[in-house]
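Shown next: data_39.tsv, given as TSV, C-alpha atoms.
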chain	number	residue	atom	x	y	z
C	29	MET	CA	27.69	2.98	-4.30
C	30	ILE	CA	24.56	1.20	-3.26
C	31	THR	CA	24.94	-2.54	-3.16
C	32	ARG	CA	22.05	-4.02	-5.04
C	33	ARG	CA	20.55	-7.30	-4.26
C	34	PRO	CA	20.11	-9.64	-7.32
C	35	HIS	CA	16.39	-9.89	-8.01
C	36	ALA	CA	16.22	-12.41	-10.90
C	37	ALA	CA	16.75	-16.12	-10.17
C	38	LEU	CA	16.97	-18.83	-12.82
C	39	LEU	CA	14.71	-21.77	-12.04
C	40	ALA	CA	16.02	-25.11	-13.36
C	41	ALA	CA	13.71	-26.97	-15.73
C	42	SER	CA	14.12	-30.76	-15.93
C	43	LEU	CA	13.46	-32.98	-18.92
C	44	VAL	CA	10.58	-35.37	-18.17
C	45	LEU	CA	10.65	-38.76	-19.97
C	46	THR	CA	7.53	-40.96	-20.18
C	47	GLY	CA	6.66	-44.35	-21.81
C	48	CYS	CA	10.26	-45.63	-21.84
C	49	GLY	CA	11.55	-49.26	-22.18
C	50	GLY	CA	8.79	-51.38	-23.88
C	51	GLY	CA	10.26	-54.98	-24.09
C	52	ALA	CA	9.45	-58.00	-26.41
C	53	ALA	CA	6.56	-60.30	-25.41
C	54	ALA	CA	7.65	-63.88	-24.33
C	55	THR	CA	5.57	-65.80	-26.90
C	56	ALA	CA	6.13	-67.94	-30.02
C	57	GLU	CA	4.89	-65.14	-32.21
C	58	PRO	CA	7.42	-63.07	-34.04
C	59	PRO	CA	8.72	-60.39	-31.78
C	60	ARG	CA	7.12	-57.03	-32.19
C	61	PRO	CA	9.30	-54.01	-32.57
C	62	PRO	CA	9.83	-52.10	-29.34
C	63	ALA	CA	7.32	-49.39	-28.60
C	64	PRO	CA	8.66	-46.02	-29.52
C	65	THR	CA	9.93	-43.87	-26.71
C	66	SER	CA	7.65	-40.94	-26.08
C	67	ILE	CA	9.34	-37.75	-24.92
C	68	ARG	CA	7.35	-34.97	-23.38
C	69	PRO	CA	8.83	-31.61	-24.33
C	70	ALA	CA	10.62	-29.93	-21.48
C	71	PRO	CA	8.73	-27.03	-19.94
C	72	PRO	CA	10.11	-23.63	-20.87
C	73	VAL	CA	12.75	-22.19	-18.58
C	74	SER	CA	11.07	-19.87	-16.12
C	75	LEU	CA	12.76	-16.63	-15.19
C	76	ASP	CA	11.78	-14.91	-11.94
C	77	VAL	CA	12.16	-11.53	-13.60
C	78	ALA	CA	11.90	-8.20	-11.85
C	79	PRO	CA	8.49	-6.47	-11.99
C	80	GLN	CA	7.79	-4.12	-14.87
C	81	GLN	CA	6.01	-1.78	-12.46
C	82	LEU	CA	7.30	-0.43	-9.17
C	83	PRO	CA	5.92	-2.60	-6.33
C	84	GLY	CA	3.26	-1.14	-4.08
C	85	LEU	CA	2.02	1.50	-6.52
C	86	GLY	CA	-1.57	1.73	-7.64
C	87	PRO	CA	-2.63	2.86	-11.13
C	88	LYS	CA	-2.95	6.57	-10.28
C	89	THR	CA	0.49	6.75	-8.69
C	90	TRP	CA	2.16	4.61	-11.35
C	91	ALA	CA	0.72	6.83	-14.10
C	92	LYS	CA	2.67	9.78	-12.66
C	93	VAL	CA	6.05	8.04	-12.99
C	94	PRO	CA	7.70	9.43	-16.16
C	95	ASP	CA	8.31	6.94	-18.96
C	96	ASP	CA	12.00	7.88	-19.13
C	97	ALA	CA	12.66	7.32	-15.41
C	98	ARG	CA	15.28	4.62	-14.89
C	99	GLN	CA	15.87	5.27	-11.19
C	100	ALA	CA	13.14	5.64	-8.57
C	101	VAL	CA	13.57	6.30	-4.87
C	102	VAL	CA	10.40	4.94	-3.26
C	103	VAL	CA	9.58	6.37	0.17
C	104	THR	CA	6.80	4.40	1.83
C	105	GLY	CA	5.33	5.80	5.03
C	106	ARG	CA	3.97	3.49	7.71
C	107	GLY	CA	0.73	5.43	7.97
C	108	ARG	CA	-0.99	8.66	7.01
C	109	ASN	CA	-0.09	10.28	10.33
C	110	SER	CA	3.19	8.49	11.03
C	111	PRO	CA	6.67	10.07	10.86
C	112	LEU	CA	8.30	6.72	10.09
C	113	SER	CA	8.99	5.45	6.60
C	114	THR	CA	11.24	3.23	4.49
C	115	VAL	CA	13.39	4.23	1.52
C	116	VAL	CA	14.31	1.88	-1.35
C	117	LEU	CA	16.20	2.80	-4.54
C	118	TYR	CA	15.00	0.92	-7.63
C	119	GLU	CA	16.96	0.67	-10.89
C	120	ARG	CA	15.13	-0.06	-14.14
C	121	THR	CA	16.84	-2.57	-16.41
C	122	GLY	CA	15.81	-4.56	-19.48
C	123	HIS	CA	14.34	-7.16	-17.09
C	124	GLY	CA	12.30	-4.72	-15.00
C	125	TRP	CA	12.74	-2.76	-11.79
C	126	GLN	CA	15.57	-4.10	-9.63
C	127	GLU	CA	15.16	-3.47	-5.90
C	128	GLY	CA	18.07	-2.09	-3.86
C	129	GLU	CA	18.64	-1.99	-0.14
C	130	SER	CA	15.95	-0.89	2.28
C	131	TRP	CA	16.75	2.03	4.62
C	132	PRO	CA	14.79	3.30	7.62
C	133	ALA	CA	13.77	6.94	7.34
C	134	HIS	CA	11.86	9.77	8.95
C	135	ASN	CA	9.30	11.97	7.23
C	136	ALA	CA	7.32	14.88	8.67
C	137	LEU	CA	6.09	14.87	12.26
C	138	ARG	CA	2.39	14.65	11.35
C	139	GLY	CA	2.80	12.27	8.41
C	140	TRP	CA	1.64	12.93	4.85
C	141	THR	CA	-0.63	15.20	2.84
C	142	ASP	CA	-1.90	15.55	-0.74
C	143	HIS	CA	-1.89	19.35	-0.40
C	144	HIS	CA	1.20	20.48	1.47
C	145	ARG	CA	1.13	23.95	3.01
C	146	VAL	CA	3.64	25.94	5.03
C	147	GLY	CA	3.77	24.81	8.64
C	148	ASP	CA	1.47	21.79	8.33
C	149	LEU	CA	4.31	19.47	9.41
C	150	ARG	CA	3.36	16.94	6.75
C	151	SER	CA	5.39	15.62	3.81
C	152	PRO	CA	3.90	15.99	0.32
C	153	VAL	CA	2.58	12.86	-1.38
C	154	GLY	CA	3.56	12.53	-5.02
C	155	VAL	CA	6.10	11.76	-7.72
C	156	PHE	CA	8.88	14.33	-8.09
C	157	THR	CA	12.07	14.52	-10.12
C	158	LEU	CA	15.54	14.65	-8.52
C	159	THR	CA	17.97	16.95	-10.29
C	160	ASP	CA	20.07	18.85	-7.75
C	161	ALA	CA	22.13	18.23	-4.63
C	162	GLY	CA	24.31	20.05	-2.17
C	163	GLY	CA	25.52	20.17	1.38
C	164	ARG	CA	27.76	21.69	4.00
C	165	LEU	CA	30.39	19.02	3.30
C	166	ARG	CA	32.26	18.36	0.09
C	167	ASP	CA	30.70	16.41	-2.75
C	168	PRO	CA	31.03	12.70	-1.88
C	169	GLY	CA	31.04	11.70	-5.56
C	170	THR	CA	27.59	12.38	-6.97
C	171	ARG	CA	26.82	12.90	-10.66
C	172	LEU	CA	24.14	15.44	-9.80
C	173	PRO	CA	25.08	19.14	-9.76
C	174	TYR	CA	26.35	19.72	-6.21
C	175	ASP	CA	26.35	23.05	-4.34
C	176	GLN	CA	28.61	23.13	-1.29
C	177	GLY	CA	28.64	25.95	1.20
C	178	PRO	CA	27.84	27.29	4.68
C	179	GLY	CA	24.25	27.96	3.61
C	180	PHE	CA	23.57	24.32	4.45
C	181	THR	CA	24.40	24.78	8.13
C	182	ALA	CA	21.58	23.47	10.34
C	183	ASN	CA	20.99	24.88	13.82
C	184	GLY	CA	18.53	24.45	16.65
C	185	THR	CA	16.65	21.36	17.78
C	186	GLY	CA	14.00	19.09	16.33
C	187	SER	CA	10.52	18.26	17.59
C	188	ARG	CA	11.90	15.85	20.18
C	189	GLY	CA	14.66	18.18	21.36
C	190	GLU	CA	17.33	16.43	19.28
C	191	PRO	CA	20.10	18.65	17.82
C	192	LEU	CA	19.80	19.42	14.11
C	193	ALA	CA	23.52	20.04	13.60
C	194	GLY	CA	24.80	18.11	10.58
C	195	SER	CA	21.34	17.48	9.10
C	196	PHE	CA	22.24	19.34	5.91
C	197	ASP	CA	25.74	17.95	5.53
C	198	TYR	CA	24.34	16.21	2.43
C	199	VAL	CA	21.03	16.95	0.73
C	200	VAL	CA	19.17	16.07	-2.46
C	201	ALA	CA	16.47	18.53	-3.46
C	202	ILE	CA	13.04	17.00	-4.08
C	203	ASN	CA	11.43	18.96	-6.91
C	204	TYR	CA	8.27	19.89	-5.08
C	205	ASN	CA	7.41	23.58	-5.60
C	206	ARG	CA	10.89	24.51	-6.79
C	207	VAL	CA	12.72	25.22	-10.04
C	208	PRO	CA	14.74	22.19	-11.22
C	209	GLY	CA	18.32	22.89	-12.21
C	210	THR	CA	19.00	25.31	-9.36
C	211	THR	CA	20.76	24.96	-6.02
C	212	PRO	CA	18.64	23.40	-3.26
C	213	LEU	CA	19.01	26.79	-1.53
C	214	ASP	CA	17.00	28.55	-4.25
C	215	TRP	CA	13.72	29.63	-2.69
C	216	THR	CA	11.70	30.29	-5.86
C	217	ARG	CA	8.21	28.82	-5.30
C	218	PRO	CA	6.26	28.30	-8.56
C	219	LEU	CA	3.10	27.26	-6.66
C	220	GLY	CA	3.36	30.20	-4.29
C	221	ALA	CA	5.04	30.61	-0.91
C	222	GLU	CA	1.99	29.32	0.97
C	223	ARG	CA	2.47	25.87	-0.58
C	224	GLY	CA	5.83	25.45	1.16
C	225	GLY	CA	9.07	24.14	-0.26
C	226	GLY	CA	12.60	23.23	0.68
C	227	ILE	CA	11.61	19.55	0.69
C	228	TRP	CA	14.85	17.55	0.66
C	229	PHE	CA	16.44	14.22	1.35
C	230	HIS	CA	18.89	14.99	4.13
C	231	VAL	CA	20.84	13.43	6.99
C	232	ASP	CA	18.68	11.97	9.74
C	233	HIS	CA	18.74	13.70	13.14
C	234	ASP	CA	16.95	10.90	15.01
C	235	GLY	CA	13.55	12.51	14.84
C	236	PRO	CA	10.69	13.58	12.56
C	237	THR	CA	11.21	16.34	10.01
C	238	GLN	CA	9.15	19.38	9.06
C	239	GLY	CA	8.40	17.96	5.61
C	240	CYS	CA	11.62	16.39	4.33
C	241	VAL	CA	12.75	12.76	4.23
C	242	SER	CA	15.83	11.92	6.28
C	243	ILE	CA	18.10	8.88	6.22
C	244	ALA	CA	21.37	7.98	7.94
C	245	LYS	CA	24.48	9.88	6.86
C	246	GLU	CA	26.14	6.85	5.27
C	247	HIS	CA	22.95	6.15	3.32
C	248	MET	CA	22.80	9.75	2.10
C	249	LYS	CA	26.30	9.34	0.69
C	250	GLU	CA	25.30	6.08	-0.99
C	251	LEU	CA	22.23	7.72	-2.48
C	252	LEU	CA	24.23	10.66	-3.79
C	253	ARG	CA	26.76	8.37	-5.45
C	254	ALA	CA	24.04	6.25	-7.01
C	255	LEU	CA	21.79	8.93	-8.52
C	256	ASP	CA	22.53	9.48	-12.19
C	257	PRO	CA	20.92	12.37	-14.09
C	258	ASP	CA	21.19	10.35	-17.31
C	259	ARG	CA	18.76	7.84	-15.75
C	260	HIS	CA	16.22	10.57	-14.93
C	261	PRO	CA	15.76	9.75	-11.23
C	262	VAL	CA	12.49	10.43	-9.44
C	263	VAL	CA	11.18	10.04	-5.93
C	264	VAL	CA	7.82	8.37	-5.29
C	265	MET	CA	6.75	9.28	-1.79
C	266	GLY	CA	3.75	8.92	0.47
C	267	ASP	CA	2.06	6.70	3.00
C	268	ASN	CA	1.39	3.12	1.97
C	269	ASP	CA	-2.32	3.63	1.30
C	270	SER	CA	-1.76	6.76	-0.79
C	271	LEU	CA	0.84	5.08	-2.97
C	272	ALA	CA	-1.47	2.12	-3.55
C	273	ARG	CA	-4.16	4.32	-5.13
The structure in this file should be written as structure tokens.
Amino acid sequence: MITRRPHAALLAASLVLTGCGGGAAATAEPPRPPAPTSIRPAPPVSLDVAPQQLPGLGPKTWAKVPDDARQAVVVTGRGRNSPLSTVVLYERTGHGWQEGESWPAHNALRGWTDHHRVGDLRSPVGVFTLTDAGGRLRDPGTRLPYDQGPGFTANGTGSRGEPLAGSFDYVVAINYNRVPGTTPLDWTRPLGAERGGGIWFHVDHDGPTQGCVSIAKEHMKELLRALDPDRHPVVVMGDNDSLAR
């Protein structure tokens, strides 16, 4: 399970006293009663609460996040044409969005696109639901439907000559141009075959992907164990500038 860093910190508020200790005047006149003590009300306790909106998202991107989403995997690319990105899982609570650990990741070789097509070697920018998982290895304990089998065997080499073996040991399907509620191996393409598909979270192979997002094997297992269909998880993915729109 992902270890989450506490995001809310209670800031101590001190009671401030002013006008204290008025003494009697040293004269022959009858002593005057002491001046009343004036107490300034203590400032309200300030809570450093988690943000109500996912950090780094502009109004257009934020508007695409479903109201019922209580988990969001935010994938932020370093640049429009960069294959390097960062993954953070956020959990929504009554205090706002709580930030989890930050994991290094790879996205597609040529970066990001708003209109993904087959063979463009770019990852699609957008907000997509996460409903299905699978892998060559046994279910590590996810609450998502999990399809295990040899169909997740990866062969060949990546763009830098690195072996792809083990890349699909664990996957989470990203619901771009696919039918939710089916195995990640289902190749139905509602937008048409030319718009690509098979966009997954999967195990990193130390190099860029063809369109997926890849993280270390131990982080894939943590992600699988954390995702909860009752919390309606989504992925928000794109380069930094695109997400800020």
Could you build a table of the residues in range 67-177 of chain C lying no more than 10 Å from range 252-260 of chain C, giving for each the nearest pair of atoms and their separation in Å rounded to one decimal place, using only C-alpha atoms, ordered by chain and ascending residue number, as JSON lines?
{"residue": "C:Pro94", "atom": "CA", "partner": "C:His260", "partner_atom": "CA", "distance": 8.7}
{"residue": "C:Asp95", "atom": "CA", "partner": "C:His260", "partner_atom": "CA", "distance": 9.6}
{"residue": "C:Asp96", "atom": "CA", "partner": "C:His260", "partner_atom": "CA", "distance": 6.5}
{"residue": "C:Ala97", "atom": "CA", "partner": "C:His260", "partner_atom": "CA", "distance": 4.8}
{"residue": "C:Arg98", "atom": "CA", "partner": "C:Arg259", "partner_atom": "CA", "distance": 4.8}
{"residue": "C:Gln99", "atom": "CA", "partner": "C:Arg259", "partner_atom": "CA", "distance": 6.0}
{"residue": "C:Ala100", "atom": "CA", "partner": "C:His260", "partner_atom": "CA", "distance": 8.6}
{"residue": "C:Val101", "atom": "CA", "partner": "C:Leu255", "partner_atom": "CA", "distance": 9.4}
{"residue": "C:Leu117", "atom": "CA", "partner": "C:Ala254", "partner_atom": "CA", "distance": 8.9}
{"residue": "C:Glu119", "atom": "CA", "partner": "C:Arg259", "partner_atom": "CA", "distance": 8.8}
{"residue": "C:Arg120", "atom": "CA", "partner": "C:Arg259", "partner_atom": "CA", "distance": 8.8}
{"residue": "C:Thr157", "atom": "CA", "partner": "C:His260", "partner_atom": "CA", "distance": 7.5}
{"residue": "C:Leu158", "atom": "CA", "partner": "C:His260", "partner_atom": "CA", "distance": 7.6}
{"residue": "C:Thr159", "atom": "CA", "partner": "C:Pro257", "partner_atom": "CA", "distance": 6.6}
{"residue": "C:Asp160", "atom": "CA", "partner": "C:Pro257", "partner_atom": "CA", "distance": 9.1}
{"residue": "C:Ala161", "atom": "CA", "partner": "C:Leu252", "partner_atom": "CA", "distance": 7.9}
{"residue": "C:Gly162", "atom": "CA", "partner": "C:Leu252", "partner_atom": "CA", "distance": 9.5}
{"residue": "C:Asp167", "atom": "CA", "partner": "C:Leu252", "partner_atom": "CA", "distance": 8.7}
{"residue": "C:Pro168", "atom": "CA", "partner": "C:Arg253", "partner_atom": "CA", "distance": 7.1}
{"residue": "C:Gly169", "atom": "CA", "partner": "C:Arg253", "partner_atom": "CA", "distance": 5.4}
{"residue": "C:Thr170", "atom": "CA", "partner": "C:Arg253", "partner_atom": "CA", "distance": 4.4}
{"residue": "C:Arg171", "atom": "CA", "partner": "C:Asp256", "partner_atom": "CA", "distance": 5.7}
{"residue": "C:Leu172", "atom": "CA", "partner": "C:Pro257", "partner_atom": "CA", "distance": 6.2}
{"residue": "C:Pro173", "atom": "CA", "partner": "C:Pro257", "partner_atom": "CA", "distance": 9.0}
{"residue": "C:Tyr174", "atom": "CA", "partner": "C:Leu252", "partner_atom": "CA", "distance": 9.6}
| query | For Val153 in chain C, which of C:Gly105, C:Gly122, C:Gly226, C:Pro218 is the closest residue, counting all atoms listed in the file? | reply | C:Gly105
| request: Write out as a ChimeraX atom specification which residues come within 9 Å of range 182-199 of chain C when counting all atoms listed in the file, dropping same-chain ones fewer than 6 positions away. | output: /C:137,160-168,176,212,228-238,242,245,248-249,252
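Picture a line from CA of Lys88 in chain C to CA of Asn268 in chain C; it runs 13.4 Å.
Nearest to Ile243 in chain C of all the residues C:Gly124, C:Asn135, C:Gly107, C:Gly86 is C:Asn135, counting all atoms listed in the file.
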| Distance of CA of Val155 in chain C from CA of Leu85 in chain C, expressed in Å to one decimal place | 11.1 Å
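Between CA of Ser113 in chain C and CA of Gly147 in chain C the separation is 20.2 Å.
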Which residues come within 10 Å of Arg108 in chain C, counting all atoms listed in the file, excluding same-chain residues fewer than 6 positions away, as an mmCIF file with C-alpha atoms, in the frame of the given file?
data_model
loop_
_atom_site.group_PDB
_atom_site.id
_atom_site.type_symbol
_atom_site.label_atom_id
_atom_site.label_comp_id
_atom_site.auth_asym_id
_atom_site.auth_seq_id
_atom_site.Cartn_x
_atom_site.Cartn_y
_atom_site.Cartn_z
ATOM 1 C CA ARG C 138 2.390 14.650 11.350
ATOM 2 C CA GLY C 139 2.800 12.270 8.410
ATOM 3 C CA TRP C 140 1.640 12.930 4.850
ATOM 4 C CA THR C 141 -0.630 15.200 2.840
ATOM 5 C CA ARG C 150 3.360 16.940 6.750
ATOM 6 C CA SER C 151 5.390 15.620 3.810
ATOM 7 C CA GLY C 266 3.750 8.920 0.470
ATOM 8 C CA ASP C 267 2.060 6.700 3.000
ATOM 9 C CA ASN C 268 1.390 3.120 1.970
ATOM 10 C CA ASP C 269 -2.320 3.630 1.300
ATOM 11 C CA SER C 270 -1.760 6.760 -0.790
#
| request: Please provide the set of residues having any atom within 8 Å of Leu213 in chain C, restricted to only C-alpha atoms, with same-chain residues fewer than 2 positions apart removed, written as an MDAnalysis selection string. | output: chainID C and resid 179:180 210:211 215 226
Write the selection just made, keeping C-alpha atoms, as a PDB file, in the coordinates of the input?
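Done, and the output landed in part_9.pdb:
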ATOM      1  CA  GLY C 179      24.250  27.960   3.610  1.00  0.00           C
ATOM      2  CA  PHE C 180      23.570  24.320   4.450  1.00  0.00           C
ATOM      3  CA  THR C 210      19.000  25.310  -9.360  1.00  0.00           C
ATOM      4  CA  THR C 211      20.760  24.960  -6.020  1.00  0.00           C
ATOM      5  CA  TRP C 215      13.720  29.630  -2.690  1.00  0.00           C
ATOM      6  CA  GLY C 226      12.600  23.230   0.680  1.00  0.00           C
TER       7      GLY C 226
END
